[in-house]
Every structure is written in C-alpha cells, then in structure tokens.
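Chemist: Input structure: query_13.cif, which contains mmCIF, C-alpha atoms and all ligand atoms.
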```cif
data_model
#
loop_
_atom_site.label_atom_id
_atom_site.label_comp_id
_atom_site.auth_asym_id
_atom_site.auth_seq_id
_atom_site.Cartn_x
_atom_site.Cartn_y
_atom_site.Cartn_z
CA MET A 1423 -44.38 -10.90 78.30
CA SER A 1424 -45.88 -8.73 75.54
CA GLY A 1425 -44.77 -8.96 71.91
CA PRO A 1426 -43.03 -6.07 70.16
CA LEU A 1427 -44.78 -2.77 69.65
CA SER A 1428 -44.49 -0.88 66.37
CA PHE A 1429 -42.97 2.59 66.66
CA ASP A 1430 -43.43 5.53 64.31
CA LEU A 1431 -41.01 8.33 65.21
CA PHE A 1432 -41.52 11.79 63.70
CA CYS A 1433 -38.66 14.29 63.44
CA ARG A 1434 -38.56 17.81 62.05
CA VAL A 1435 -35.17 19.47 61.87
CA VAL A 1436 -35.39 22.97 63.37
CA ASP A 1437 -31.71 23.72 62.82
CA ASN A 1438 -28.30 22.14 63.38
CA PHE A 1439 -27.87 18.39 63.93
CA GLY A 1440 -29.47 17.75 67.32
CA ASP A 1441 -33.03 16.92 66.24
CA ALA A 1442 -31.88 14.37 63.67
CA GLY A 1443 -29.08 13.13 65.93
CA VAL A 1444 -31.29 12.43 68.94
CA CYS A 1445 -34.10 10.84 66.88
CA TRP A 1446 -31.74 8.55 65.01
CA ARG A 1447 -30.12 7.34 68.23
CA LEU A 1448 -33.51 6.65 69.82
CA ALA A 1449 -34.78 4.87 66.68
CA ARG A 1450 -31.67 2.66 66.59
CA ARG A 1451 -31.96 1.86 70.26
CA LEU A 1452 -35.63 0.86 69.99
CA ALA A 1453 -34.81 -1.33 66.97
CA SER A 1454 -31.98 -2.97 68.93
CA LEU A 1455 -34.58 -3.80 71.61
CA GLY A 1456 -36.49 -5.81 68.99
CA GLN A 1457 -39.08 -3.17 68.07
CA PRO A 1458 -40.13 -2.42 64.46
CA VAL A 1459 -39.35 1.30 63.93
CA ARG A 1460 -40.11 3.81 61.19
CA LEU A 1461 -38.34 7.19 61.38
CA TRP A 1462 -40.11 9.91 59.38
CA ILE A 1463 -37.85 12.90 58.90
CA ASP A 1464 -38.36 16.13 56.96
CA ARG A 1465 -34.63 16.62 56.29
CA PRO A 1466 -33.03 13.26 55.46
CA ASP A 1467 -30.12 15.27 54.02
CA VAL A 1468 -29.24 16.46 57.56
CA LEU A 1469 -29.41 12.92 58.90
CA ALA A 1470 -27.20 11.76 56.01
CA GLN A 1471 -24.41 14.03 57.30
CA LEU A 1472 -24.43 12.04 60.54
CA LEU A 1473 -25.13 8.72 58.86
CA PRO A 1474 -23.19 8.56 55.57
CA SER A 1475 -24.70 5.18 54.60
CA LEU A 1476 -28.11 6.82 54.24
CA ILE A 1477 -28.94 7.17 50.55
CA LEU A 1478 -31.40 9.94 49.82
CA ARG A 1479 -34.24 8.37 47.88
CA PRO A 1480 -37.93 9.21 47.90
CA THR A 1481 -38.98 5.75 49.06
CA GLY A 1482 -36.64 5.61 52.06
CA GLN A 1483 -34.21 2.95 53.22
CA THR A 1484 -33.82 0.42 56.06
CA LEU A 1485 -30.67 0.87 58.13
CA GLU A 1486 -29.79 -0.92 61.38
CA GLY A 1487 -33.34 -2.20 61.60
CA VAL A 1488 -34.91 1.26 61.21
CA ARG A 1489 -37.02 2.23 58.20
CA VAL A 1490 -35.94 5.83 57.46
CA ALA A 1491 -38.42 7.61 55.21
CA PRO A 1492 -39.02 11.20 54.09
CA TRP A 1493 -41.73 13.06 56.01
CA ASN A 1494 -43.98 13.55 52.96
CA GLN A 1495 -44.42 9.75 52.71
CA ALA A 1496 -46.08 9.82 56.13
CA GLU A 1497 -48.82 12.02 54.72
CA GLN A 1498 -50.13 8.91 52.89
CA ALA A 1499 -49.20 6.38 55.61
CA MET A 1500 -51.41 4.84 58.32
CA PRO A 1501 -50.41 4.78 61.99
CA PRO A 1502 -49.46 1.27 63.21
CA ARG A 1503 -52.53 -0.41 64.76
CA GLY A 1504 -51.97 -0.66 68.52
CA GLY A 1505 -48.51 0.86 68.04
CA VAL A 1506 -46.67 3.87 69.41
CA VAL A 1507 -46.38 7.25 67.71
CA ILE A 1508 -43.51 9.40 68.97
CA GLU A 1509 -43.66 13.07 68.13
CA ALA A 1510 -40.17 14.42 68.74
CA PHE A 1511 -39.95 17.88 70.31
CA ALA A 1512 -43.61 18.78 69.64
CA CYS A 1513 -42.97 18.69 65.88
CA ALA A 1514 -46.72 18.41 64.93
CA LEU A 1515 -47.81 15.28 63.05
CA PRO A 1516 -49.16 15.24 59.48
CA THR A 1517 -52.89 16.13 59.70
CA ALA A 1518 -54.42 13.03 58.07
CA TYR A 1519 -52.08 10.73 59.98
CA GLU A 1520 -53.02 12.36 63.29
CA ALA A 1521 -56.74 12.08 62.52
CA ALA A 1522 -56.33 8.36 61.75
CA MET A 1523 -54.69 7.63 65.11
CA ALA A 1524 -57.93 7.59 67.12
CA GLY A 1525 -59.41 4.60 65.27
CA ARG A 1526 -56.20 2.60 65.46
CA ASP A 1527 -55.64 2.45 69.22
CA CYS A 1528 -52.30 4.26 69.09
CA LEU A 1529 -50.22 5.34 72.07
CA TRP A 1530 -49.03 8.92 71.51
CA ILE A 1531 -45.79 10.16 73.07
CA ASN A 1532 -44.24 13.60 72.87
CA LEU A 1533 -40.49 13.31 73.35
CA GLU A 1534 -39.30 16.49 75.05
CA TYR A 1535 -35.95 18.27 74.97
CA LEU A 1536 -33.44 17.38 77.66
CA SER A 1537 -33.54 19.55 80.77
CA ALA A 1538 -32.26 19.24 84.34
CA GLU A 1539 -34.90 21.64 85.69
CA PRO A 1540 -36.72 20.22 88.75
CA TRP A 1541 -40.26 20.70 87.31
CA VAL A 1542 -39.48 18.08 84.65
CA GLU A 1543 -39.87 15.33 87.27
CA ASP A 1544 -43.46 16.43 87.97
CA CYS A 1545 -44.47 16.53 84.30
CA HIS A 1546 -42.70 13.38 83.13
CA GLY A 1547 -45.18 10.77 81.89
CA LEU A 1548 -48.29 12.96 82.25
CA PRO A 1549 -51.03 12.70 79.59
CA SER A 1550 -52.99 15.51 77.94
CA LEU A 1551 -56.13 14.76 75.90
CA GLN A 1552 -55.83 15.99 72.29
CA ALA A 1553 -58.44 17.09 69.73
CA ASN A 1554 -58.49 13.65 68.06
CA GLY A 1555 -59.54 12.09 71.37
CA VAL A 1556 -56.17 10.44 71.99
CA PRO A 1557 -54.12 11.33 75.09
CA LYS A 1558 -50.59 12.51 74.41
CA PHE A 1559 -48.01 11.51 77.03
CA PHE A 1560 -45.11 13.85 77.74
CA PHE A 1561 -41.86 11.97 78.03
CA PHE A 1562 -38.88 13.84 79.46
CA PRO A 1563 -35.28 12.70 79.17
CA GLY A 1564 -33.32 13.70 82.24
CA PHE A 1565 -30.63 13.14 84.80
CA THR A 1566 -32.66 11.78 87.72
CA ARG A 1567 -34.60 8.60 88.46
CA ALA A 1568 -37.94 10.39 88.16
CA THR A 1569 -37.28 11.20 84.46
CA GLY A 1570 -36.85 9.11 81.32
CA GLY A 1571 -33.03 8.99 81.56
CA LEU A 1572 -30.42 9.54 78.87
CA LEU A 1573 -29.73 7.80 75.57
CA ARG A 1574 -27.06 5.13 76.03
CA GLU A 1575 -26.31 1.84 74.29
CA PRO A 1576 -25.70 -1.07 76.71
CA ASP A 1577 -22.09 -1.64 75.57
CA LEU A 1578 -21.07 2.04 75.48
CA LEU A 1579 -19.02 2.24 78.67
CA THR A 1580 -17.25 -1.06 77.98
CA ARG A 1581 -16.35 0.16 74.49
CA CYS A 1582 -15.07 3.41 75.98
CA LYS A 1583 -12.82 1.67 78.50
CA THR A 1584 -11.45 -0.78 75.89
CA ASP A 1585 -10.78 2.04 73.45
CA GLN A 1586 -9.08 4.25 76.02
CA ALA A 1587 -6.67 1.44 76.90
CA ARG A 1588 -5.21 1.77 73.35
CA ASP A 1589 -2.65 4.37 72.23
CA ARG A 1590 -4.37 7.74 71.92
CA GLY A 1591 -2.26 9.05 69.03
CA GLN A 1592 -2.99 5.99 66.92
CA ARG A 1593 -6.70 6.17 67.68
CA LEU A 1594 -6.83 9.82 66.74
CA GLN A 1595 -4.91 9.29 63.52
CA ALA A 1596 -7.10 6.35 62.47
CA LEU A 1597 -10.21 8.38 63.17
CA THR A 1598 -9.26 11.66 61.56
CA GLY A 1599 -6.56 10.83 58.99
CA LEU A 1600 -4.10 13.20 60.72
CA LEU A 1601 -0.53 12.65 59.55
CA SER A 1602 1.03 13.07 62.98
CA ALA A 1603 -0.02 12.20 66.52
CA PRO A 1604 -0.11 14.66 69.43
CA PRO A 1605 2.91 14.56 71.78
CA ALA A 1606 2.33 12.30 74.79
CA ASP A 1607 2.13 15.28 77.18
CA ALA A 1608 -0.25 17.32 74.98
CA LEU A 1609 -3.61 18.44 76.28
CA CYS A 1610 -6.12 17.35 73.59
CA ILE A 1611 -9.26 19.44 73.39
CA LEU A 1612 -12.28 19.00 71.13
CA LEU A 1613 -14.08 22.20 70.13
CA PHE A 1614 -17.71 21.78 69.02
CA CYS A 1615 -19.52 25.06 69.67
CA TYR A 1616 -21.89 27.66 68.19
CA PRO A 1617 -20.52 30.45 65.98
CA ASP A 1618 -20.91 33.06 68.73
CA ALA A 1619 -18.63 31.25 71.24
CA PRO A 1620 -15.99 33.47 72.93
CA LEU A 1621 -13.08 32.18 70.86
CA ALA A 1622 -10.75 35.10 71.59
CA GLY A 1623 -10.84 34.16 75.28
CA LEU A 1624 -10.25 30.51 74.39
CA GLN A 1625 -7.28 31.43 72.19
CA SER A 1626 -5.66 33.56 74.87
CA ALA A 1627 -6.26 30.93 77.61
CA LEU A 1628 -4.82 28.04 75.62
CA ALA A 1629 -1.83 29.98 74.27
CA SER A 1630 -0.90 30.95 77.85
CA LEU A 1631 -0.47 27.34 79.07
CA ASP A 1632 3.04 26.03 79.52
CA ARG A 1633 2.35 22.70 77.79
CA PRO A 1634 1.48 21.61 74.25
CA VAL A 1635 -2.21 21.93 73.42
CA TRP A 1636 -3.98 20.32 70.45
CA LEU A 1637 -7.29 22.03 69.76
CA LEU A 1638 -9.30 19.85 67.38
CA THR A 1639 -12.06 21.53 65.38
CA PRO A 1640 -14.33 19.10 63.49
CA GLY A 1641 -16.04 20.17 60.25
CA PRO A 1642 -15.87 23.71 58.95
CA ARG A 1643 -13.34 25.66 61.08
CA PRO A 1644 -15.09 28.24 63.33
CA SER A 1645 -14.27 31.64 61.86
CA GLY A 1646 -12.49 34.04 64.19
CA PRO A 1647 -9.31 34.36 66.13
CA LEU A 1648 -8.12 30.74 66.51
CA HIS A 1649 -4.52 30.20 65.34
CA HIS A 1650 -1.23 28.47 66.26
CA GLN A 1651 0.49 30.38 69.07
CA ASN A 1652 3.16 29.26 71.57
CA GLY A 1653 2.31 25.63 72.42
CA LEU A 1654 -1.19 25.83 70.93
CA GLN A 1655 -1.89 23.96 67.68
CA VAL A 1656 -5.29 24.53 66.10
CA ILE A 1657 -6.10 21.49 63.98
CA SER A 1658 -9.03 21.06 61.58
CA ILE A 1659 -10.34 17.52 61.44
CA PRO A 1660 -13.17 16.02 59.40
CA PHE A 1661 -16.71 15.87 60.78
CA VAL A 1662 -16.88 12.19 61.76
CA PRO A 1663 -19.96 9.95 61.30
CA GLN A 1664 -22.16 9.93 64.39
CA ALA A 1665 -21.36 6.26 64.99
CA ARG A 1666 -17.72 7.27 65.60
CA PHE A 1667 -18.26 10.57 67.39
CA ASP A 1668 -17.81 8.92 70.81
CA GLU A 1669 -14.35 7.72 69.80
CA LEU A 1670 -13.38 11.32 69.13
CA LEU A 1671 -14.60 12.39 72.57
CA TRP A 1672 -12.68 9.49 74.12
CA CYS A 1673 -9.41 10.77 72.57
CA CYS A 1674 -9.68 14.16 74.31
CA ASP A 1675 -8.86 15.40 77.81
CA LEU A 1676 -11.48 18.12 77.64
CA ASN A 1677 -14.52 18.35 75.36
CA PHE A 1678 -16.32 21.54 74.39
CA VAL A 1679 -19.78 20.40 73.29
CA ARG A 1680 -23.14 22.01 72.55
CA GLY A 1681 -26.88 21.41 72.15
CA GLU A 1682 -28.20 18.11 73.47
CA ASP A 1683 -26.76 15.01 71.90
CA SER A 1684 -23.05 15.88 72.05
CA LEU A 1685 -23.53 16.91 75.69
CA VAL A 1686 -24.88 13.48 76.60
CA ARG A 1687 -22.13 11.71 74.69
CA ALA A 1688 -19.47 13.82 76.42
CA LEU A 1689 -21.00 12.91 79.79
CA TRP A 1690 -20.62 9.23 78.90
CA ALA A 1691 -16.96 9.87 78.03
CA GLY A 1692 -16.50 10.60 81.75
CA THR A 1693 -14.02 13.44 81.16
CA PRO A 1694 -14.39 17.17 81.90
CA LEU A 1695 -16.59 19.05 79.45
CA VAL A 1696 -17.65 22.62 78.76
CA TRP A 1697 -21.23 22.83 77.51
CA GLN A 1698 -22.54 25.60 75.27
CA ILE A 1699 -26.29 25.37 75.73
CA TYR A 1700 -28.66 26.05 72.80
CA ARG A 1701 -29.84 29.65 73.03
CA GLN A 1702 -33.54 30.33 73.67
CA ALA A 1703 -35.76 33.40 73.64
CA GLN A 1704 -35.84 35.52 76.84
CA GLU A 1705 -32.61 33.87 78.00
CA ALA A 1706 -34.63 30.79 79.11
CA HIS A 1707 -31.56 28.67 78.44
CA LEU A 1708 -29.64 30.29 81.31
CA GLU A 1709 -32.08 28.86 83.85
CA LYS A 1710 -31.66 25.44 82.26
CA LEU A 1711 -27.91 25.82 82.49
CA GLU A 1712 -28.11 26.64 86.22
CA ALA A 1713 -30.26 23.58 86.87
CA TRP A 1714 -27.76 21.42 85.02
CA LEU A 1715 -24.78 22.87 86.89
CA ASP A 1716 -26.60 22.21 90.18
CA GLN A 1717 -26.77 18.53 89.30
CA ALA A 1718 -23.22 18.38 87.95
CA ARG A 1719 -21.72 19.49 91.28
CA TRP A 1720 -18.43 20.35 89.62
CA PRO A 1721 -15.65 22.48 91.16
CA GLY A 1722 -16.59 26.17 91.38
CA THR A 1723 -13.87 27.17 88.91
CA ALA A 1724 -15.23 24.75 86.29
CA ALA A 1725 -18.73 26.17 86.83
CA ASP A 1726 -17.32 29.72 86.49
CA LEU A 1727 -15.75 28.71 83.16
CA ILE A 1728 -19.04 27.24 81.89
CA HIS A 1729 -20.87 30.43 82.91
CA ALA A 1730 -18.24 32.53 81.12
CA TRP A 1731 -18.47 30.35 78.00
CA ASN A 1732 -22.25 30.72 77.85
CA GLN A 1733 -22.20 34.44 78.65
CA LEU A 1734 -19.81 34.80 75.69
CA ASP A 1735 -17.41 36.60 78.03
CA ASN A 1736 -13.91 36.46 76.48
CA ASP A 1737 -12.09 37.97 79.46
CA ALA A 1738 -13.69 35.59 81.93
CA VAL A 1739 -12.90 32.58 79.70
CA ALA A 1740 -9.26 33.71 79.42
CA ARG A 1741 -9.11 33.83 83.23
CA THR A 1742 -11.17 30.79 84.27
CA LEU A 1743 -10.01 28.19 81.74
CA PRO A 1744 -6.34 28.17 82.89
CA ALA A 1745 -7.58 28.16 86.51
CA ALA A 1746 -9.83 25.14 85.83
CA LEU A 1747 -6.92 23.27 84.23
CA ARG A 1748 -4.62 23.93 87.21
CA GLU A 1749 -4.21 21.46 90.11
CA PRO A 1750 -5.95 20.60 92.36
CA VAL A 1751 -9.06 21.80 90.48
CA TRP A 1752 -8.30 19.76 87.35
CA SER A 1753 -7.99 16.43 89.20
CA ASP A 1754 -11.12 17.21 91.18
CA TRP A 1755 -13.05 18.03 87.97
CA ARG A 1756 -11.84 14.80 86.36
CA ALA A 1757 -12.81 12.71 89.38
CA ARG A 1758 -16.25 14.29 89.58
CA SER A 1759 -16.84 13.75 85.84
CA LEU A 1760 -16.13 10.05 86.28
CA ALA A 1761 -18.30 9.86 89.38
CA TRP A 1762 -21.26 11.50 87.61
CA ARG A 1763 -20.92 9.08 84.70
CA THR A 1764 -20.97 6.14 87.10
CA ALA A 1765 -24.03 7.48 88.91
CA LEU A 1766 -25.91 8.09 85.63
CA SER A 1767 -24.97 4.74 84.14
CA VAL A 1768 -26.74 2.67 86.78
CA ARG A 1769 -30.10 4.09 85.66
CA PRO A 1770 -32.08 2.65 82.72
CA ASP A 1771 -31.31 4.34 79.41
CA LEU A 1772 -33.90 6.47 77.62
CA GLY A 1773 -34.73 3.84 74.96
CA GLN A 1774 -35.31 1.05 77.49
CA ASP A 1775 -37.21 3.38 79.80
CA LEU A 1776 -39.47 4.57 76.98
CA LEU A 1777 -40.17 1.02 75.85
CA ASP A 1778 -41.02 -0.04 79.43
CA PHE A 1779 -43.30 2.99 79.79
CA CYS A 1780 -45.15 2.06 76.58
CA LEU A 1781 -45.51 -1.61 77.57
CA ARG A 1782 -46.95 -0.55 80.94
CA LYS A 1783 -49.45 1.76 79.26
CA ARG A 1784 -50.48 -1.03 76.88
CA GLN A 1785 -51.09 -3.42 79.77
CA THR A 1786 -53.30 -0.96 81.65
CA ARG A 1787 -55.64 -0.37 78.68
O1 LIG B 1801 -26.18 20.45 66.42
P1 LIG B 1801 -26.65 20.87 67.76
O2 LIG B 1801 -26.38 22.25 68.12
O3 LIG B 1801 -28.18 20.57 67.90
C1 LIG B 1801 -29.11 21.41 68.55
C2 LIG B 1801 -29.53 20.92 69.87
O4 LIG B 1801 -29.98 19.62 69.80
C3 LIG B 1801 -30.62 21.81 70.42
O5 LIG B 1801 -31.03 21.36 71.67
C4 LIG B 1801 -31.76 21.79 69.47
O6 LIG B 1801 -32.78 22.58 69.92
C5 LIG B 1801 -31.25 22.27 68.16
O7 LIG B 1801 -30.21 21.44 67.71
C6 LIG B 1801 -32.33 22.31 67.14
O8 LIG B 1801 -25.93 19.96 68.87
P2 LIG B 1801 -26.11 18.44 69.28
O9 LIG B 1801 -27.44 18.18 69.89
O10 LIG B 1801 -24.95 18.10 70.07
O11 LIG B 1801 -26.04 17.62 67.92
C7 LIG B 1801 -24.85 17.45 67.21
C8 LIG B 1801 -24.81 16.08 66.57
O12 LIG B 1801 -23.69 16.02 65.67
C9 LIG B 1801 -24.61 14.96 67.57
O13 LIG B 1801 -25.45 13.87 67.24
C10 LIG B 1801 -23.15 14.55 67.39
C11 LIG B 1801 -22.98 14.82 65.93
N1 LIG B 1801 -21.58 14.99 65.47
C12 LIG B 1801 -21.02 14.00 64.65
O14 LIG B 1801 -21.68 13.00 64.36
N2 LIG B 1801 -19.76 14.18 64.19
C13 LIG B 1801 -18.99 15.24 64.53
O15 LIG B 1801 -17.82 15.32 64.09
C14 LIG B 1801 -19.57 16.23 65.38
C15 LIG B 1801 -18.74 17.42 65.78
C16 LIG B 1801 -20.86 16.08 65.82
#
```
Is it possible to express this structure as structure tokens?
Modeler:
Amino acid sequence: MSGPLSFDLFCRVVDNFGDAGVCWRLARRLASLGQPVRLWIDRPDVLAQLLPSLILRPTGQTLEGVRVAPWNQAEQAMPPRGGVVIEAFACALPTAYEAAMAGRDCLWINLEYLSAEPWVEDCHGLPSLQANGVPKFFFFPGFTRATGGLLREPDLLTRCKTDQARDRGQRLQALTGLLSAPPADALCILLFCYPDAPLAGLQSALASLDRPVWLLTPGPRPSGPLHHQNGLQVISIPFVPQARFDELLWCCDLNFVRGEDSLVRALWAGTPLVWQIYRQAQEAHLEKLEAWLDQARWPGTAADLIHAWNQLDNDAVARTLPAALREPVWSDWRARSLAWRTALSVRPDLGQDLLDFCLRKRQTR
C-alpha cells in the first residue's frame, strides 16, 4: 500500500460558481481520503460565497483538511516532490511553477469538464507530452464506467434518505428561515437557472396547475415575469452554503439546475430535474445535452421539456411542463430518476477514482 500523495489543485474562475464549486468538492474529497491538498484559486471571494467560513486573507487558510490559498502565492511556491498537480479545466499553471515540475517528478492531471459524449471514454486517462517534458493526463468525469465518475461523498445517499424521512416543511424552514411551511400537497420546485431562461413559459405552466406550487428562487431573484398567480407562490430564499445545498434539493419535488455541480447534486437527490446546460460557442452545448439525454433515458415528455428549456422556448415550456407533471409521465420520470441514481451510485466516485488512477501511475514509474 502506498503512502499519501500530495495534491496541488489549481482553479481559475471563468464565471459563475461552477469552477470554484467543483474544485472545492474535489479538494475536500481528496483530503477526506487522507491526502494532503492545496487548492490555489484566483478568486477566493467566489469560493467564500459557497464556503462562508473561508476568510479572505493573503496567506490562505486551512479548512476541512484543505489548504486554500490565493493563486498569486503559487507563483512563488514549489510543486510537491513526487506529488500530483491538478490543473482544473485547462486553467494554465503559473509559468515558474510549471517549469519546476519536471525536476520534481510530478504527476500532471488536467481535470476536464463533465460531458456524457461518447468520445470522452476514448480520451479518458490519455497522456500528452508537454513543453516542460512532463506528460499531462486528461481526466474526464462522466456517467459511465469508462470515465472518472461523478463527485460523491460516501455518506451522501444515506444522509439523503435520513433527511427525507423527516418533515419537509420543518426542514425547509430550518434551512431557509421561511416563516411558514408549504402545504402538504404543494409541489415544491427549486429554480436555479441562467438569466436567459424562458421564465414566461415557466410562469404560465406553473400558474395553470390545479394544485399549490411553491417555486423557490435562491439568491438574487431572477428578473422577469415570475409572480404569485392562482396556486403559484414565488418565494425568494437565501443562497445557502454549498455544504447545505443538497438539503435544499432534497426538499423539492422537481429541481431546475444548471452548469455542472448543481446538476450532479440534483442527480444524487434522485428526483426529477430540468438541466439548463452552460452555453458554448457554436451551440456546442446542444450536442452535449443530447448525449446526456441519451444516457438519462427519461420519458419523452421530460426530454421535450428539457429541450424547450434549453432552446429558451417559452411556448414549448408552457406546454411540456404541465404534460411532464401529469400521470403517468410524472411517476415514470420519478422512478427513472431514482433508478439512474442507483445505477450511478454503484460506481466509484470521482475523488476515489482519481486517487486510484494517480496511485497506479506512481506504481508504474
Ligand atoms: O454557477 P454555474 O453556472 O457554474 C458554471 C458551470 O460549472 C459551467 O460548466 C462552467 O463552465 C461555468 O460555471 C464556468 O453552475 P454550477 O456548476 O451548478 O455551480 C453552482 C454552485 O453553486 C454549485 O456548487 C452549487 C452552489 N450553490 C450553493 O452552494 N447554494 C445555493 O443556494 C445555490 C443555488 C447553488
């Protein structure tokens, strides 16, 4: 059995919360597996929004076994001898640091964005020799056995089941500070989306249902047409710390999520979700969305809704959302969401899989 490796994880925030959110989860997971971890991040202020105990100071701070330090400190730092350097999302390492890696026997990993596209399986784990003479290995998270898997803590599903056995209204109130709880028959929906989402279609779909609906919007309320109408209540709630975000997902019957990290967490909740994928140039994201829907194997109406949501098509959302919530589609969608969670949860999680990959590479040197 080999001893621990030392990990240096580099994260640049492009926009939003996903880069910081994914890197922090991976850093925590590696630390929980007994590995020394330093997380170098160019925007600690963004991470602090997810992790309120992070104090912004130039020297950094150790939290949950992870040394979190500002990126500029890495410009004077040395790579860990014989350790692992993870470059998240091809963020480009500090020049002097990268040059020093060759003489220090470092293993270099590029952590890629999550994708369900089939080519990912062929590229996962492949090396490419870099200018400093060190091979860089491409590590792909993913949904199949031939990829690096998804981020998941070992106790996550047990925590979810225990939590969901408790009264939902009380959980929601404790989490958000809301003064009242939703009625027992209310449909609770979380809305976490990009500003261009087709909210007029959402409003009209939810106001047309003949049952109470609680639409929860965390953080700044999306501007646009959302308002109370018929049984629909639109409720602003605080942006919760990342460590409690799962609990929010577990309170809801349907989760609208976006990007990468909230998608994965909503999958682990095992309930129906509508994903707004992060937009890319030349509509490249639409191909990624198709590949993901192929693997999800959800009812056609749910897939139609997800297409409509991503095509920003208000009319189609107004039509397909009520249809997806109607029986028997709704029960089918719920059952398939649970089944996909079960299938995904028997695979190693991304942190464990990455650690095993690195240990194997070390042994073959
Ligand atoms: O913020 P995002 O849109 O991030 C995106 C994606 O990662 C995208 O792939 C990437 O290219 C781009 O950033 C740069 O969505 P994502 O990935 O879901 O990250 C949101 C994070 O915010 C996630 O860690 C969950 C967290 N969160 C909370 O902690 N509390 C909350 O109340 C909410 C709503 C979210």
Chemist: List the spatial neighbours of Leu1654 (chain A) as a ChimeraX atom specification - criterion: any atom at most 7 Å away, all atoms listed in the file, same-chain residues fewer than 6 positions off excluded.
Modeler: /A:1628-1629,1634-1636
Chemist: Against region 1447-1469 of chain A, which residues of region 1719-1787 of chain A fall within 10 Å? For each one I want the closest pair of atoms and the distance in Å (one decimal), counting all atoms listed in the file, rows by chain and increasing residue number, as a Markdown table.
Modeler:
```
| residue | atom | partner | partner_atom | distance |
| --- | --- | --- | --- | --- |
| A:Asp1771 | CA | A:Arg1451 | CA | 9.5 |
| A:Leu1772 | CA | A:Leu1448 | CA | 7.8 |
| A:Gly1773 | CA | A:Arg1451 | CA | 5.8 |
| A:Gln1774 | CA | A:Leu1452 | CA | 7.5 |
| A:Leu1776 | CA | A:Leu1452 | CA | 8.8 |
| A:Leu1777 | CA | A:Leu1452 | CA | 7.4 |
```
Chemist: Next, the residues of the selection above should be written as a JSON list (two decimals), in the coordinates of the input with C-alpha atoms.
Modeler:
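Result file selection_35.json:
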```
[["chain", "number", "residue", "atom", "x", "y", "z"],
["A", 1771, "ASP", "CA", -31.31, 4.34, 79.41],
["A", 1772, "LEU", "CA", -33.90, 6.47, 77.62],
["A", 1773, "GLY", "CA", -34.73, 3.84, 74.96],
["A", 1774, "GLN", "CA", -35.31, 1.05, 77.49],
["A", 1776, "LEU", "CA", -39.47, 4.57, 76.98],
["A", 1777, "LEU", "CA", -40.17, 1.02, 75.85]]
```
Chemist: Let me make sure I understand: among A:Trp1690, A:Trp1752, A:Trp1541, A:Phe1511, which one has the smallest atom-to-atom distance to Leu1578 (chain A) if we use only C-alpha atoms?
Modeler: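 Closest residue, counting only C-alpha atoms: A:Trp1690.
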Chemist: Just want the 12 Å neighbourhood of Glu1749 (chain A), counted on only C-alpha atoms, with same-chain residues fewer than 5 positions away dropped. Output as a short mmCIF file (atom, residue, chain, number, x, y, z; two decimals) with C-alpha atoms, keeping the file's coordinate frame.
Modeler:
```
data_model
loop_
_atom_site.label_atom_id
_atom_site.label_comp_id
_atom_site.auth_asym_id
_atom_site.auth_seq_id
_atom_site.Cartn_x
_atom_site.Cartn_y
_atom_site.Cartn_z
CA PRO A 1721 -15.65 22.48 91.16
CA THR A 1723 -13.87 27.17 88.91
CA PRO A 1744 -6.34 28.17 82.89
CA ASP A 1754 -11.12 17.21 91.18
CA TRP A 1755 -13.05 18.03 87.97
CA ARG A 1756 -11.84 14.80 86.36
#
```
Chemist: Around all listed atoms of region 1733-1747 of chain A, padded 8 Å per side, what centre and edge lengths does the axis-aligned box have in Å to one decimal, as JSON?
Modeler:
```
{"center_x": -14.3, "center_y": 30.6, "center_z": 81.1, "size_x": 31.9, "size_y": 30.7, "size_z": 26.8}
```
Chemist: Do you have the CA of Leu1734 (chain A)-CA of Asp1618 (chain A) distance handy?
Modeler: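 CA of Asp1618 (chain A) lies 7.3 Å from CA of Leu1734 (chain A).
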Chemist: Please identify the residues whose atoms come within 6 Å of ligand LIG 1801 (chain B), using all atoms listed in the file, and report them as a PyMOL selection string.
Modeler: chain A and resi 1436-1441+1443+1472+1614+1640+1661-1664+1667+1680-1685+1700
Chemist: Would you write out those residues with C-alpha atoms, as a PDB file, in the frame of the given file?
Modeler:
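What follows is the written file selection.pdb:
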```pdb
ATOM      1  CA  VAL A1436     -35.390  22.970  63.370  1.00  0.00           C
ATOM      2  CA  ASP A1437     -31.710  23.720  62.820  1.00  0.00           C
ATOM      3  CA  ASN A1438     -28.300  22.140  63.380  1.00  0.00           C
ATOM      4  CA  PHE A1439     -27.870  18.390  63.930  1.00  0.00           C
ATOM      5  CA  GLY A1440     -29.470  17.750  67.320  1.00  0.00           C
ATOM      6  CA  ASP A1441     -33.030  16.920  66.240  1.00  0.00           C
ATOM      7  CA  GLY A1443     -29.080  13.130  65.930  1.00  0.00           C
ATOM      8  CA  LEU A1472     -24.430  12.040  60.540  1.00  0.00           C
ATOM      9  CA  PHE A1614     -17.710  21.780  69.020  1.00  0.00           C
ATOM     10  CA  PRO A1640     -14.330  19.100  63.490  1.00  0.00           C
ATOM     11  CA  PHE A1661     -16.710  15.870  60.780  1.00  0.00           C
ATOM     12  CA  VAL A1662     -16.880  12.190  61.760  1.00  0.00           C
ATOM     13  CA  PRO A1663     -19.960   9.950  61.300  1.00  0.00           C
ATOM     14  CA  GLN A1664     -22.160   9.930  64.390  1.00  0.00           C
ATOM     15  CA  PHE A1667     -18.260  10.570  67.390  1.00  0.00           C
ATOM     16  CA  ARG A1680     -23.140  22.010  72.550  1.00  0.00           C
ATOM     17  CA  GLY A1681     -26.880  21.410  72.150  1.00  0.00           C
ATOM     18  CA  GLU A1682     -28.200  18.110  73.470  1.00  0.00           C
ATOM     19  CA  ASP A1683     -26.760  15.010  71.900  1.00  0.00           C
ATOM     20  CA  SER A1684     -23.050  15.880  72.050  1.00  0.00           C
ATOM     21  CA  LEU A1685     -23.530  16.910  75.690  1.00  0.00           C
ATOM     22  CA  TYR A1700     -28.660  26.050  72.800  1.00  0.00           C
TER      23      TYR A1700
END
```
Chemist: Go ahead and compute the interatomic distance for CA of Phe1565 (chain A) and CA of Gly1722 (chain A), in Å to one decimal.
Modeler: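 Taking CA of Phe1565 (chain A) as the start and CA of Gly1722 (chain A) as the end point, the length is 20.3 Å.
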Chemist: Out of A:Ala1514, A:Ala1496, A:Met1523, A:Ala1691, which residue has the shortest atom-to-atom distance to Arg1581 (chain A) when counting all atoms listed in the file?
Modeler: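 Using all atoms listed in the file, the shortest distance to Arg1581 (chain A) belongs to A:Ala1691.
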Chemist: Can you work out which one of A:Val1490, A:Cys1545, A:Leu1695, A:Leu1529 has the shortest atom-to-atom distance to Cys1615 (chain A), counting all atoms listed in the file?
Modeler: A:Leu1695
Chemist: Just how far from CA of Leu1631 (chain A) is CA of Pro1750 (chain A), in Å to one decimal?
Modeler: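 Between CA of Pro1750 (chain A) and CA of Leu1631 (chain A) the gap is 15.9 Å.
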